[in-house]
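Q: Please find input.cif (mmCIF, C-alpha atoms and all ligand atoms) on the next line:
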```cif
data_upload
#
loop_
_atom_site.label_atom_id
_atom_site.label_comp_id
_atom_site.auth_asym_id
_atom_site.auth_seq_id
_atom_site.Cartn_x
_atom_site.Cartn_y
_atom_site.Cartn_z
CA MET A 1 127.14 90.47 84.70
CA ASP A 2 129.33 93.52 85.18
CA GLN A 3 133.03 93.09 85.91
CA GLU A 4 132.77 94.08 89.57
CA THR A 5 130.06 91.53 90.14
CA LYS A 6 131.98 88.83 88.25
CA ASP A 7 135.08 89.55 90.29
CA SER A 8 133.14 89.25 93.51
CA VAL A 9 131.12 86.17 92.60
CA ASN A 10 134.13 84.39 91.11
CA ALA A 11 136.56 85.23 93.89
CA PRO A 12 137.84 82.09 95.67
CA ARG A 13 135.81 81.57 98.85
CA ALA A 14 138.97 81.60 100.96
CA ASP A 15 139.94 85.02 99.56
CA ARG A 16 136.55 86.46 100.40
CA ASP A 17 136.56 84.93 103.89
CA SER A 18 140.06 86.09 104.69
CA ALA A 19 139.23 89.82 104.49
CA SER A 20 137.96 91.35 107.73
CA LEU A 21 134.60 93.09 107.80
CA SER A 22 136.14 96.54 107.97
CA ASP A 23 138.47 95.71 105.06
CA LYS A 24 135.43 95.48 102.78
CA ARG A 25 134.67 99.19 102.80
CA LEU A 26 136.71 101.80 100.94
CA THR A 27 140.20 102.34 102.34
CA ARG A 28 140.87 105.42 104.45
CA ARG A 29 142.93 106.83 101.57
CA GLN A 30 139.99 106.36 99.18
CA ALA A 31 137.68 107.89 101.73
CA ILE A 32 139.89 110.97 102.04
CA LYS A 33 140.09 111.20 98.26
CA TYR A 34 136.32 110.99 97.84
CA GLY A 35 135.69 113.20 100.87
CA ALA A 36 132.96 113.21 103.46
CA ILE A 37 130.62 116.11 103.91
CA GLY A 38 128.78 117.00 107.07
CA ALA A 39 125.18 118.06 107.19
CA ALA A 40 122.90 119.99 109.43
CA ALA A 41 121.12 118.13 112.18
CA VAL A 42 117.49 118.43 113.00
CA ALA A 43 116.25 118.74 116.56
CA GLY A 44 113.12 117.40 118.20
CA VAL A 45 111.08 118.25 121.28
CA GLY A 46 109.00 116.30 123.73
CA SER A 47 107.06 118.59 126.05
CA MET A 48 106.15 122.23 126.61
CA ALA A 49 108.99 122.58 129.13
CA TYR A 50 111.72 122.42 126.53
CA TYR A 51 110.15 124.04 123.51
CA VAL A 52 112.32 127.09 123.91
CA LEU A 53 115.54 125.17 124.47
CA ARG A 54 114.91 122.88 121.52
CA SER A 55 113.85 125.79 119.37
CA ALA A 56 117.29 127.29 119.91
CA GLN A 57 118.93 124.03 118.79
CA ARG A 58 116.80 124.01 115.69
CA GLU A 59 117.81 127.56 114.79
CA ARG A 60 121.44 126.48 115.00
CA THR A 61 120.74 123.88 112.37
CA ALA A 62 118.63 126.36 110.31
CA SER A 63 116.09 123.69 109.62
CA ILE A 64 113.00 125.86 109.33
CA PHE A 65 112.55 128.81 106.95
CA LYS A 66 111.93 132.01 108.81
CA ASN A 67 109.29 134.38 107.50
CA ASP A 68 108.99 132.42 104.26
CA ALA A 69 105.26 131.67 103.98
CA PRO A 70 103.58 132.68 100.71
CA ARG A 71 101.55 135.85 101.08
CA GLY A 72 99.46 138.36 99.13
CA GLU A 73 98.23 137.28 95.71
CA LEU A 74 100.13 133.98 95.77
CA TRP A 75 98.52 132.90 99.04
CA LYS A 76 95.07 133.86 97.68
CA LEU A 77 95.60 131.91 94.46
CA TRP A 78 96.96 128.91 96.33
CA LYS A 79 93.83 128.88 98.51
CA ARG A 80 91.54 129.37 95.54
CA ARG A 81 92.95 126.26 93.90
CA GLY A 82 92.26 124.22 97.04
CA TRP A 83 95.98 123.61 97.50
CA VAL A 84 95.85 124.70 101.16
CA LYS A 85 94.42 122.68 104.01
CA GLU A 86 94.64 123.08 107.76
CA ALA A 87 97.18 120.57 109.01
CA SER A 88 96.52 117.69 111.38
CA HIS A 89 98.54 116.64 114.43
CA TYR A 90 99.70 120.07 115.54
CA LEU A 91 99.70 122.16 118.69
CA GLN A 92 98.70 125.81 118.99
CA LEU A 93 100.98 127.69 121.37
CA GLY A 94 99.50 131.15 121.37
CA ARG A 95 100.28 132.50 117.90
CA ASN A 96 102.96 129.87 117.37
CA VAL A 97 102.29 126.35 116.18
CA GLN A 98 104.15 123.09 116.42
CA CYS A 99 103.72 120.20 113.99
CA HIS A 100 103.73 116.73 115.48
CA VAL A 101 103.66 114.65 112.32
CA CYS A 102 107.37 113.85 112.33
CA PRO A 103 110.10 114.01 114.98
CA ASN A 104 111.37 117.34 113.59
CA GLU A 105 108.47 118.92 115.49
CA CYS A 106 108.78 122.21 113.62
CA LEU A 107 107.97 125.12 115.88
CA LEU A 108 106.76 128.00 113.72
CA GLU A 109 106.04 131.62 114.44
CA PRO A 110 103.53 133.38 112.17
CA GLU A 111 104.72 133.41 108.53
CA ASP A 112 107.41 130.76 109.16
CA ARG A 113 107.76 127.71 106.89
CA SER A 114 108.53 124.22 108.12
CA CYS A 115 111.67 122.20 107.66
CA CYS A 116 109.92 119.96 105.09
CA ARG A 117 108.99 123.18 103.22
CA ASN A 118 105.31 122.20 103.00
CA LYS A 119 103.77 123.75 106.09
CA VAL A 120 103.30 127.36 107.16
CA ASN A 121 101.97 129.24 110.14
CA LYS A 122 99.26 131.67 109.06
CA ASP A 123 97.65 133.67 111.87
CA GLY A 124 98.34 131.03 114.49
CA LYS A 125 97.14 128.05 112.42
CA LEU A 126 99.25 125.44 110.69
CA TYR A 127 98.47 124.83 107.02
CA THR A 128 99.84 122.41 104.49
CA LEU A 129 100.64 123.87 101.06
CA ALA A 130 101.00 120.38 99.59
CA TYR A 131 97.40 119.40 99.03
CA ALA A 132 95.90 118.23 95.72
CA ASN A 133 98.95 119.54 93.89
CA PRO A 134 101.20 116.61 92.96
CA CYS A 135 104.28 117.49 90.95
CA SER A 136 104.97 113.92 89.87
CA PHE A 137 102.80 110.87 89.10
CA HIS A 138 103.37 107.71 87.15
CA VAL A 139 102.33 104.07 86.95
CA ASP A 140 105.20 101.85 88.12
CA PRO A 141 105.61 98.14 88.64
CA ILE A 142 105.16 97.44 92.36
CA GLU A 143 108.61 95.81 92.32
CA LYS A 144 110.13 99.26 91.71
CA LYS A 145 109.13 100.60 95.16
CA PRO A 146 110.72 98.04 95.96
CA LEU A 147 108.03 95.67 97.23
CA PHE A 148 108.79 92.07 96.25
CA HIS A 149 106.24 90.34 98.50
CA PHE A 150 103.18 92.49 97.79
CA LEU A 151 100.88 91.81 94.84
CA PRO A 152 103.76 90.86 92.48
CA GLY A 153 103.50 91.86 88.85
CA THR A 154 100.87 94.55 89.47
CA GLY A 155 100.96 98.25 88.57
CA VAL A 156 100.96 100.93 91.24
CA PHE A 157 99.82 104.49 90.63
CA SER A 158 102.65 106.52 92.18
CA ILE A 159 102.28 110.10 93.28
CA ALA A 160 104.33 112.83 95.00
CA THR A 161 104.28 116.47 95.92
CA SER A 162 107.42 118.42 96.75
CA GLY A 163 109.01 118.25 100.20
CA CYS A 164 110.98 116.12 102.63
CA SER A 165 111.76 116.03 106.33
CA PHE A 166 115.37 114.97 105.65
CA ARG A 167 118.36 116.52 103.86
CA CYS A 168 120.05 113.40 102.47
CA LEU A 169 123.32 114.23 100.77
CA ASN A 170 122.69 111.37 98.35
CA CYS A 171 119.02 112.17 97.54
CA GLN A 172 118.05 110.80 94.16
CA ASN A 173 114.88 112.90 93.89
CA TRP A 174 116.25 116.17 95.22
CA GLU A 175 114.68 118.10 92.33
CA ILE A 176 111.31 117.59 94.02
CA SER A 177 112.16 116.61 97.60
CA GLN A 178 114.27 119.70 98.26
CA LYS A 179 111.81 122.12 96.67
CA LYS A 180 108.94 124.20 97.97
CA PRO A 181 105.47 123.57 96.56
CA GLU A 182 105.64 126.99 94.85
CA GLU A 183 108.76 125.83 93.00
CA THR A 184 107.01 122.83 91.47
CA LYS A 185 103.46 124.17 90.96
CA ASP A 186 101.99 127.33 89.47
CA PRO A 187 98.57 128.64 90.54
CA HIS A 188 98.53 131.41 87.90
CA GLY A 189 96.51 131.16 84.70
CA ASP A 190 93.53 128.96 83.94
CA GLU A 191 92.82 126.15 86.31
CA LEU A 192 93.44 122.81 84.65
CA LYS A 193 90.61 120.40 85.30
CA PHE A 194 91.46 116.80 85.89
CA ASP A 195 90.63 114.47 82.98
CA PRO A 196 92.03 110.91 83.07
CA LYS A 197 91.86 110.58 79.29
CA ARG A 198 94.20 113.56 78.85
CA MET A 199 96.87 112.34 81.23
CA ASP A 200 99.20 111.03 78.52
CA SER A 201 99.33 114.34 76.66
CA LEU A 202 100.10 116.68 79.55
CA THR A 203 103.07 119.05 79.25
CA MET A 204 105.22 120.12 82.21
CA GLN A 205 103.36 123.43 82.23
CA ASP A 206 100.04 121.58 82.39
CA VAL A 207 101.23 119.48 85.34
CA ALA A 208 102.28 122.65 87.15
CA ARG A 209 98.69 123.98 86.96
CA LEU A 210 96.91 120.67 87.47
CA SER A 211 94.86 119.99 90.58
CA MET A 212 94.37 116.39 91.61
CA PHE A 213 92.05 115.88 94.56
CA PRO A 214 91.77 112.53 96.38
CA GLU A 215 88.79 111.42 94.27
CA ASP A 216 90.81 112.23 91.12
CA VAL A 217 93.75 110.19 92.38
CA ALA A 218 91.52 107.18 93.03
CA GLU A 219 89.86 107.60 89.64
CA LEU A 220 93.20 107.79 87.88
CA ALA A 221 94.46 104.70 89.73
CA GLN A 222 91.38 102.81 88.55
CA PHE A 223 91.66 104.20 85.02
CA SER A 224 95.27 102.99 84.83
CA ARG A 225 94.21 99.58 86.23
CA SER A 226 96.53 99.97 89.19
CA GLN A 227 95.69 97.84 92.19
CA SER A 228 97.36 100.25 94.55
CA ILE A 229 98.43 103.86 95.04
CA ALA A 230 101.97 104.59 96.23
CA TYR A 231 102.84 107.78 98.08
CA THR A 232 106.45 108.01 97.04
CA TYR A 233 109.35 109.76 95.20
CA SER A 234 109.68 112.62 97.74
CA GLU A 235 108.83 112.01 101.44
CA PRO A 236 105.08 111.40 101.77
CA THR A 237 105.10 112.27 105.47
CA SER A 238 105.68 115.85 104.30
CA PHE A 239 102.33 115.70 102.46
CA TYR A 240 100.68 113.73 105.25
CA GLU A 241 97.19 115.30 105.02
CA TYR A 242 96.95 114.71 101.26
CA MET A 243 98.24 111.13 101.61
CA LEU A 244 95.77 110.43 104.40
CA ASP A 245 92.75 111.74 102.49
CA CYS A 246 93.79 109.86 99.33
CA SER A 247 94.27 106.70 101.41
CA LYS A 248 90.82 106.95 102.95
CA LEU A 249 89.20 107.33 99.57
CA ALA A 250 91.29 104.56 98.02
CA ARG A 251 90.34 102.19 100.84
CA SER A 252 86.64 102.90 100.23
CA ARG A 253 87.17 101.87 96.58
CA ASN A 254 89.15 98.73 97.37
CA ILE A 255 92.43 100.20 96.12
CA LYS A 256 95.49 99.39 98.24
CA ASN A 257 97.71 102.06 99.81
CA VAL A 258 101.51 101.90 99.76
CA TRP A 259 103.81 104.22 101.73
CA VAL A 260 107.40 104.57 100.48
CA THR A 261 109.12 106.45 103.24
CA ASN A 262 112.09 107.39 105.35
CA GLY A 263 109.96 106.19 108.29
CA TYR A 264 110.42 109.47 110.17
CA ILE A 265 107.02 109.91 111.78
CA GLN A 266 105.48 110.19 115.22
CA ARG A 267 103.41 107.40 116.73
CA GLU A 268 100.04 109.17 116.73
CA ALA A 269 100.29 110.24 113.10
CA LEU A 270 101.50 106.77 112.11
CA ASP A 271 98.70 105.09 114.00
CA GLU A 272 96.13 107.13 112.09
CA LEU A 273 97.83 106.35 108.77
CA CYS A 274 98.06 102.63 109.59
CA ASN A 275 94.25 102.46 109.61
CA TYR A 276 94.42 102.78 105.81
CA LEU A 277 97.85 101.41 104.90
CA ASP A 278 98.34 98.06 103.18
CA ALA A 279 102.10 98.07 102.65
CA ALA A 280 105.21 100.16 103.17
CA ASN A 281 108.80 100.26 102.11
CA VAL A 282 110.89 101.93 104.79
CA ASP A 283 114.41 103.22 104.18
CA LEU A 284 116.67 102.18 107.02
CA LYS A 285 119.46 104.41 105.90
CA SER A 286 122.12 103.20 108.33
CA PHE A 287 122.39 101.72 111.79
CA SER A 288 124.18 104.67 113.38
CA GLU A 289 122.80 107.82 114.99
CA ASP A 290 125.94 109.71 113.89
CA ILE A 291 125.54 108.73 110.25
CA TYR A 292 121.82 109.53 110.30
CA GLN A 293 122.73 113.01 111.46
CA THR A 294 125.60 113.50 109.02
CA LEU A 295 124.15 111.91 105.92
CA ASN A 296 120.44 112.53 106.36
CA ALA A 297 119.91 115.22 109.01
CA GLY A 298 117.69 112.78 110.86
CA LYS A 299 117.68 110.26 113.67
CA LEU A 300 117.76 106.47 113.73
CA LYS A 301 115.59 105.63 116.73
CA PRO A 302 112.28 106.92 115.32
CA ILE A 303 112.79 104.74 112.23
CA LEU A 304 113.27 101.64 114.38
CA ASP A 305 110.11 102.58 116.29
CA THR A 306 108.24 102.89 112.98
CA LEU A 307 109.28 99.37 111.95
CA LYS A 308 108.03 97.99 115.27
CA THR A 309 104.74 99.88 114.96
CA LEU A 310 104.12 98.68 111.40
CA LYS A 311 104.63 95.10 112.57
CA GLU A 312 102.39 95.64 115.59
CA ARG A 313 99.67 97.15 113.38
CA GLY A 314 99.84 94.31 110.85
CA VAL A 315 100.98 96.46 107.91
CA TRP A 316 103.15 94.51 105.46
CA PHE A 317 106.52 96.19 104.99
CA GLU A 318 109.91 95.75 103.42
CA VAL A 319 113.12 97.51 104.39
CA THR A 320 115.63 99.16 102.06
CA ASN A 321 119.22 99.86 103.02
CA LEU A 322 121.16 102.00 100.54
CA VAL A 323 124.85 101.17 100.78
CA VAL A 324 126.75 104.45 100.31
CA PRO A 325 130.56 104.18 100.02
CA THR A 326 132.41 105.67 103.03
CA TYR A 327 129.12 106.24 104.89
CA THR A 328 127.04 103.09 105.18
CA ASP A 329 129.28 100.39 103.71
CA LYS A 330 130.74 99.13 106.97
CA LEU A 331 129.86 95.46 107.13
CA GLY A 332 130.15 95.47 110.92
CA MET A 333 127.35 98.05 111.05
CA ILE A 334 125.31 96.02 108.56
CA GLN A 335 125.76 93.01 110.86
CA ARG A 336 124.41 95.03 113.81
CA MET A 337 121.44 96.17 111.72
CA CYS A 338 120.61 92.57 110.76
CA ASP A 339 120.93 91.46 114.39
CA TRP A 340 118.45 94.17 115.39
CA LEU A 341 116.01 93.19 112.62
CA ILE A 342 116.07 89.52 113.59
CA GLU A 343 115.61 90.31 117.26
CA ASN A 344 112.90 92.97 116.92
CA ILE A 345 111.12 92.29 113.65
CA GLY A 346 111.83 88.64 112.90
CA PRO A 347 113.14 86.84 109.81
CA ASP A 348 110.19 87.29 107.45
CA TYR A 349 110.23 90.98 106.48
CA PRO A 350 112.37 91.39 103.32
CA LEU A 351 115.54 93.45 103.31
CA HIS A 352 116.74 95.13 100.11
CA PHE A 353 120.36 96.24 99.86
CA SER A 354 120.53 98.92 97.23
CA ARG A 355 123.44 100.23 95.18
CA PHE A 356 124.32 103.93 95.47
CA HIS A 357 124.87 105.92 92.28
CA PRO A 358 126.77 109.24 92.52
CA GLN A 359 124.26 112.09 92.76
CA HIS A 360 123.16 115.31 94.45
CA LYS A 361 125.86 116.31 96.97
CA LEU A 362 127.79 113.03 96.73
CA GLU A 363 128.64 113.11 93.05
CA HIS A 364 132.30 112.67 93.97
CA LEU A 365 131.75 109.21 95.45
CA PRO A 366 131.94 106.02 93.35
CA MET A 367 129.08 103.57 92.81
CA THR A 368 128.84 100.92 95.50
CA PRO A 369 131.06 98.00 94.48
CA ALA A 370 128.80 94.99 93.76
CA GLY A 371 130.99 92.83 96.01
CA ILE A 372 130.00 94.91 99.08
CA LEU A 373 126.33 94.30 98.28
CA THR A 374 126.76 90.54 97.85
CA ASP A 375 128.74 90.43 101.12
CA ALA A 376 125.99 92.40 102.88
CA ARG A 377 123.41 89.93 101.53
CA SER A 378 125.47 86.98 102.79
CA ILE A 379 125.67 88.55 106.25
CA ALA A 380 121.90 89.10 106.36
CA LEU A 381 121.16 85.53 105.26
CA GLU A 382 123.67 84.07 107.71
CA THR A 383 122.06 86.15 110.47
CA GLY A 384 118.79 84.42 109.69
CA LEU A 385 116.77 86.83 107.55
CA HIS A 386 114.75 84.77 105.06
CA TYR A 387 114.41 87.20 102.17
CA VAL A 388 117.33 89.40 101.21
CA TYR A 389 117.65 91.21 97.87
CA ILE A 390 120.09 93.39 95.99
CA GLY A 391 118.81 96.39 94.03
CA ASN A 392 120.25 98.53 91.22
CA VAL A 393 122.77 95.85 90.24
CA ARG A 394 122.52 93.77 87.09
CA GLY A 395 123.79 90.23 86.80
CA VAL A 396 123.16 88.88 90.31
CA PRO A 397 120.01 86.81 89.67
CA GLU A 398 119.92 85.41 93.22
CA GLY A 399 119.66 89.02 94.44
CA GLU A 400 116.33 89.41 92.59
CA THR A 401 114.88 85.97 93.38
CA THR A 402 112.68 84.88 96.27
CA PHE A 403 113.78 81.47 97.55
CA CYS A 404 111.64 79.24 99.73
CA PRO A 405 113.29 79.39 103.18
CA ASN A 406 112.56 75.67 103.63
CA CYS A 407 113.41 73.83 100.37
CA ARG A 408 115.50 76.70 98.86
CA LYS A 409 113.69 76.40 95.50
CA PRO A 410 112.99 79.72 93.69
CA VAL A 411 109.38 80.78 94.25
CA VAL A 412 109.47 84.18 92.50
CA GLU A 413 112.05 84.98 89.82
CA ARG A 414 112.44 88.54 88.59
CA THR A 415 114.44 90.43 86.01
CA ILE A 416 114.88 94.06 86.94
CA PHE A 417 111.31 94.94 87.99
CA PHE A 418 109.47 92.25 86.06
CA VAL A 419 108.26 88.93 87.39
CA ARG A 420 109.55 86.04 85.24
CA SER A 421 108.06 83.11 87.14
CA LEU A 422 105.79 82.63 90.11
CA ASN A 423 105.87 79.22 91.78
CA LEU A 424 103.39 79.98 94.52
CA GLU A 425 99.98 78.54 95.25
CA GLY A 426 97.84 80.30 97.82
CA GLY A 427 100.96 82.09 99.11
CA LYS A 428 102.80 78.78 99.61
CA CYS A 429 105.83 77.29 97.90
CA LYS A 430 104.60 74.96 95.14
CA SER A 431 107.41 72.50 95.84
CA CYS A 432 107.15 71.98 99.60
CA GLY A 433 104.05 73.88 100.72
CA THR A 434 105.91 76.30 103.05
CA LYS A 435 104.09 79.58 103.57
CA ILE A 436 106.01 82.49 102.03
CA ALA A 437 105.57 85.73 103.99
CA GLY A 438 103.82 88.54 102.12
CA VAL A 439 100.57 89.64 100.50
CA TRP A 440 100.27 87.63 97.32
CA SER A 441 96.71 88.36 96.24
CA ILE A 442 93.96 90.89 96.90
S1 LIG K 501 106.05 116.93 108.87
FE1 LIG K 501 107.12 118.76 108.14
S2 LIG K 501 106.21 120.39 109.37
FE2 LIG K 501 105.72 118.51 110.42
S3 LIG K 501 107.35 118.25 111.90
FE3 LIG K 501 107.95 117.10 110.08
S4 LIG K 501 109.22 118.52 108.91
FE4 LIG K 501 108.10 119.73 110.41
#
```
How does the structure come out when it is put into structure tokens?
Ligand code: SF4
A:
Amino acid sequence: MDQETKDSVNAPRADRDSASLSDKRLTRRQAIKYGAIGAAAVAGVGSMAYYVLRSAQRERTASIFKNDAPRGELWKLWKRRGWVKEASHYLQLGRNVQCHVCPNECLLEPEDRSCCRNKVNKDGKLYTLAYANPCSFHVDPIEKKPLFHFLPGTGVFSIATSGCSFRCLNCQNWEISQKKPEETKDPHGDELKFDPKRMDSLTMQDVARLSMFPEDVAELAQFSRSQSIAYTYSEPTSFYEYMLDCSKLARSRNIKNVWVTNGYIQREALDELCNYLDAANVDLKSFSEDIYQTLNAGKLKPILDTLKTLKERGVWFEVTNLVVPTYTDKLGMIQRMCDWLIENIGPDYPLHFSRFHPQHKLEHLPMTPAGILTDARSIALETGLHYVYIGNVRGVPEGETTFCPNCRKPVVERTIFFVRSLNLEGGKCKSCGTKIAGVWSI
């Protein structure tokens, strides 16, 4: 147990109770010392009538990349590799196009590149550049996503291309999420054919040239004995078409599909994806429109809509809330978030509070004090959520354990991402027979 955690866990109950909610975040002086940085906002549109108006707002935030599509030899090579595909869910507006996959609704003139960096307007058509060209793939424990109530103890083949619809100041994967496909892949030289047996010996240069089509992804998942494929690391909504085709193929081979996401997606695109999804982990980054704009360059409401839709469509999901000092560590806001979850989603979808580590544009901030995370967990439990976890903190075993909401006995015990004991039978607590929410077997 680290010292911060010890201090928090061992603090006399009266001491912990006596501090007000707002006292638990960093002091104003600390906040000034660590600083707070603003970020560009991203606009959205709803109908033809305000395309022009909203387009002007978007230019103010410089969210799309003007005249930045690949051209000439690079475009030809990219197409030859099969790394280009016409996008789905978009509108043609004369020679302009507008993507409707996420609420950014990028409006692109010919040769423009989208806010997520992955889509371009070529001759009045919208194309994704992030197809069959993953820049990162790995087999992870499913607990790492994190998904604690979905096929525990299994491996998940995890895959990402570049790109993201957000600009999170604290991004932990900014080396791929804030890059263009051409910055992570190289279409020059010999094409590298996919061979599952060679996967362990690939160099970075090999990965840059490697193509991996949906059938290859499914084959590799099976070869690595993974029961599911996770679209993860960057923002999979930015490689929507690739994720969707992989998901369709995986479903036909009885492999599960997992979406690890910021949840920023439009209803129609989500509905199509839900036809093939088995589970999701959605980042609920804060419970404030202002903070979403400042910290992430996004909006809160679409994420809440996504959670409701996933529930409505019967997709299992878990929610992650990263607690960032001076931004999202206000316990009053965490209380409001838990109230919303109970009221709109119910008590059975797990909530993971996760510790922030200094990175990307917030290197000047400290790690989240463990005491804030344990306080957040207490609030969530007292509000009525049944399953509340703490991530990225060692030495708080109750934060990694699933307890039966009826008899309070541990039903799944974990250490870091590994399952230590499983006291479930047919998805029910072995001690009292209460059903534990989740997907516990194929
Ligand atoms: S998915 Fe990408 S291209 Fe489409 S609206 Fe969102 S940011 Fe823009």
Q: Using only C-alpha atoms and all ligand atoms, what table do you get, as JSON lines, when you list each residue of chain A with an atom no more than 9 Å from ligand LIG 501 (chain K), its nearest pair of atoms, and their distance in Å rounded to one decimal, rows by chain then rising number?
A:
```
{"residue": "A:Gly44", "atom": "CA", "partner": "K:LIG501", "partner_atom": "S3", "distance": 8.6}
{"residue": "A:Ser63", "atom": "CA", "partner": "K:LIG501", "partner_atom": "S4", "distance": 8.6}
{"residue": "A:Ile64", "atom": "CA", "partner": "K:LIG501", "partner_atom": "FE4", "distance": 7.9}
{"residue": "A:Ala87", "atom": "CA", "partner": "K:LIG501", "partner_atom": "FE2", "distance": 8.9}
{"residue": "A:His89", "atom": "CA", "partner": "K:LIG501", "partner_atom": "FE2", "distance": 8.4}
{"residue": "A:Tyr90", "atom": "CA", "partner": "K:LIG501", "partner_atom": "FE2", "distance": 8.1}
{"residue": "A:Gln98", "atom": "CA", "partner": "K:LIG501", "partner_atom": "S3", "distance": 7.4}
{"residue": "A:Cys99", "atom": "CA", "partner": "K:LIG501", "partner_atom": "FE2", "distance": 4.4}
{"residue": "A:His100", "atom": "CA", "partner": "K:LIG501", "partner_atom": "S3", "distance": 5.3}
{"residue": "A:Val101", "atom": "CA", "partner": "K:LIG501", "partner_atom": "FE2", "distance": 4.8}
{"residue": "A:Cys102", "atom": "CA", "partner": "K:LIG501", "partner_atom": "FE3", "distance": 4.0}
{"residue": "A:Pro103", "atom": "CA", "partner": "K:LIG501", "partner_atom": "S3", "distance": 5.9}
{"residue": "A:Asn104", "atom": "CA", "partner": "K:LIG501", "partner_atom": "S3", "distance": 4.5}
{"residue": "A:Glu105", "atom": "CA", "partner": "K:LIG501", "partner_atom": "S3", "distance": 3.8}
{"residue": "A:Cys106", "atom": "CA", "partner": "K:LIG501", "partner_atom": "FE4", "distance": 4.1}
{"residue": "A:Leu107", "atom": "CA", "partner": "K:LIG501", "partner_atom": "FE4", "distance": 7.7}
{"residue": "A:Leu108", "atom": "CA", "partner": "K:LIG501", "partner_atom": "S2", "distance": 8.8}
{"residue": "A:Arg113", "atom": "CA", "partner": "K:LIG501", "partner_atom": "S2", "distance": 7.9}
{"residue": "A:Ser114", "atom": "CA", "partner": "K:LIG501", "partner_atom": "S2", "distance": 4.6}
{"residue": "A:Cys115", "atom": "CA", "partner": "K:LIG501", "partner_atom": "S4", "distance": 4.6}
{"residue": "A:Cys116", "atom": "CA", "partner": "K:LIG501", "partner_atom": "S4", "distance": 4.1}
{"residue": "A:Arg117", "atom": "CA", "partner": "K:LIG501", "partner_atom": "FE1", "distance": 6.9}
{"residue": "A:Asn118", "atom": "CA", "partner": "K:LIG501", "partner_atom": "FE1", "distance": 6.4}
{"residue": "A:Lys119", "atom": "CA", "partner": "K:LIG501", "partner_atom": "S2", "distance": 5.3}
{"residue": "A:Val120", "atom": "CA", "partner": "K:LIG501", "partner_atom": "S2", "distance": 7.9}
{"residue": "A:Leu126", "atom": "CA", "partner": "K:LIG501", "partner_atom": "S2", "distance": 8.7}
{"residue": "A:Thr128", "atom": "CA", "partner": "K:LIG501", "partner_atom": "S2", "distance": 8.3}
{"residue": "A:Gly163", "atom": "CA", "partner": "K:LIG501", "partner_atom": "FE1", "distance": 8.2}
{"residue": "A:Cys164", "atom": "CA", "partner": "K:LIG501", "partner_atom": "S4", "distance": 6.9}
{"residue": "A:Ser165", "atom": "CA", "partner": "K:LIG501", "partner_atom": "S4", "distance": 4.4}
{"residue": "A:Phe166", "atom": "CA", "partner": "K:LIG501", "partner_atom": "S4", "distance": 7.8}
{"residue": "A:Thr237", "atom": "CA", "partner": "K:LIG501", "partner_atom": "S1", "distance": 5.8}
{"residue": "A:Ser238", "atom": "CA", "partner": "K:LIG501", "partner_atom": "S1", "distance": 4.7}
{"residue": "A:Phe239", "atom": "CA", "partner": "K:LIG501", "partner_atom": "S1", "distance": 7.5}
{"residue": "A:Tyr240", "atom": "CA", "partner": "K:LIG501", "partner_atom": "S1", "distance": 7.2}
{"residue": "A:Tyr264", "atom": "CA", "partner": "K:LIG501", "partner_atom": "FE3", "distance": 8.0}
{"residue": "A:Ile265", "atom": "CA", "partner": "K:LIG501", "partner_atom": "FE3", "distance": 7.4}
{"residue": "A:Gln266", "atom": "CA", "partner": "K:LIG501", "partner_atom": "S3", "distance": 8.9}
```
Q: Show which residues sit within 12 Å of Arg251 in chain A, as a ChimeraX atom specification. Count all atoms listed in the file, and ignore same-chain residues fewer than 4 positions away.
A: /A:214-215,218,227-229,243-247,255-258,273-278
Q: Within 10 Å of Arg313 in chain A, counting all atoms listed in the file, which residues show up once you throw out same-chain ones fewer than 2 positions away? Write them as a PyMOL selection string, please.
A: chain A and resi 270-271+274-275+277+307-311+315-316
Q: Looking at A:Val396, A:Cys407, A:Glu343, A:Leu362, which one is nearest to Gly384 in chain A, with distances taken over only C-alpha atoms?
A: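 For Gly384 in chain A, the nearest of the given residues is A:Glu343.
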Q: Using all atoms listed in the file and a cutoff of 12 Å, can you tell me which residues are near (116.2, 114.3, 103.9) in the file's coordinates, and write them out as JSON, numbers by chain?
A: {"A": [39, 40, 41, 42, 63, 104, 115, 116, 117, 163, 164, 165, 166, 167, 168, 169, 170, 171, 172, 173, 174, 176, 177, 178, 179, 233, 234, 235, 236, 237, 238, 261, 262, 263, 264, 283, 285, 292, 293, 294, 295, 296, 297, 298, 299, 360]}
Q: If we count all atoms listed in the file, what is near Pro196 in chain A at a cut-off of 8 Å, once residues fewer than 4 positions away on the same chain are taken out, given as a ChimeraX atom specification?
A: /A:219-220,223
Q: I'd like the neighbourhood of Thr161 in chain A as a ChimeraX atom specification, where a residue qualifies if any of its atoms comes within 7 Å (using only C-alpha atoms), though same-chain residues fewer than 3 positions away should be ignored.
A: /A:130,133-136,234,239
Q: Grab the CA of Ser441 in chain A to CA of Pro397 in chain A distance for me, in Å with one decimal place.
A: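 Atom-to-atom, CA of Ser441 in chain A and CA of Pro397 in chain A are spaced 24.3 Å apart.
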Q: Nearest to Phe287 in chain A: which of A:Met199, A:Leu74, A:Leu304, A:Leu385 is it, counting all atoms listed in the file?
A: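 The closest residue to Phe287 in chain A is A:Leu304.
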Q: I'd like to know which of A:Trp75, A:Phe417, A:Tyr231, A:Phe194 is closest to Arg209 in chain A, using all atoms listed in the file.
A: A:Phe194
Q: Please compute the CA of Asp305 in chain A-CA of Thr320 in chain A distance, one decimal, in Å.
A: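 Going from CA of Asp305 in chain A over to CA of Thr320 in chain A covers 15.6 Å.
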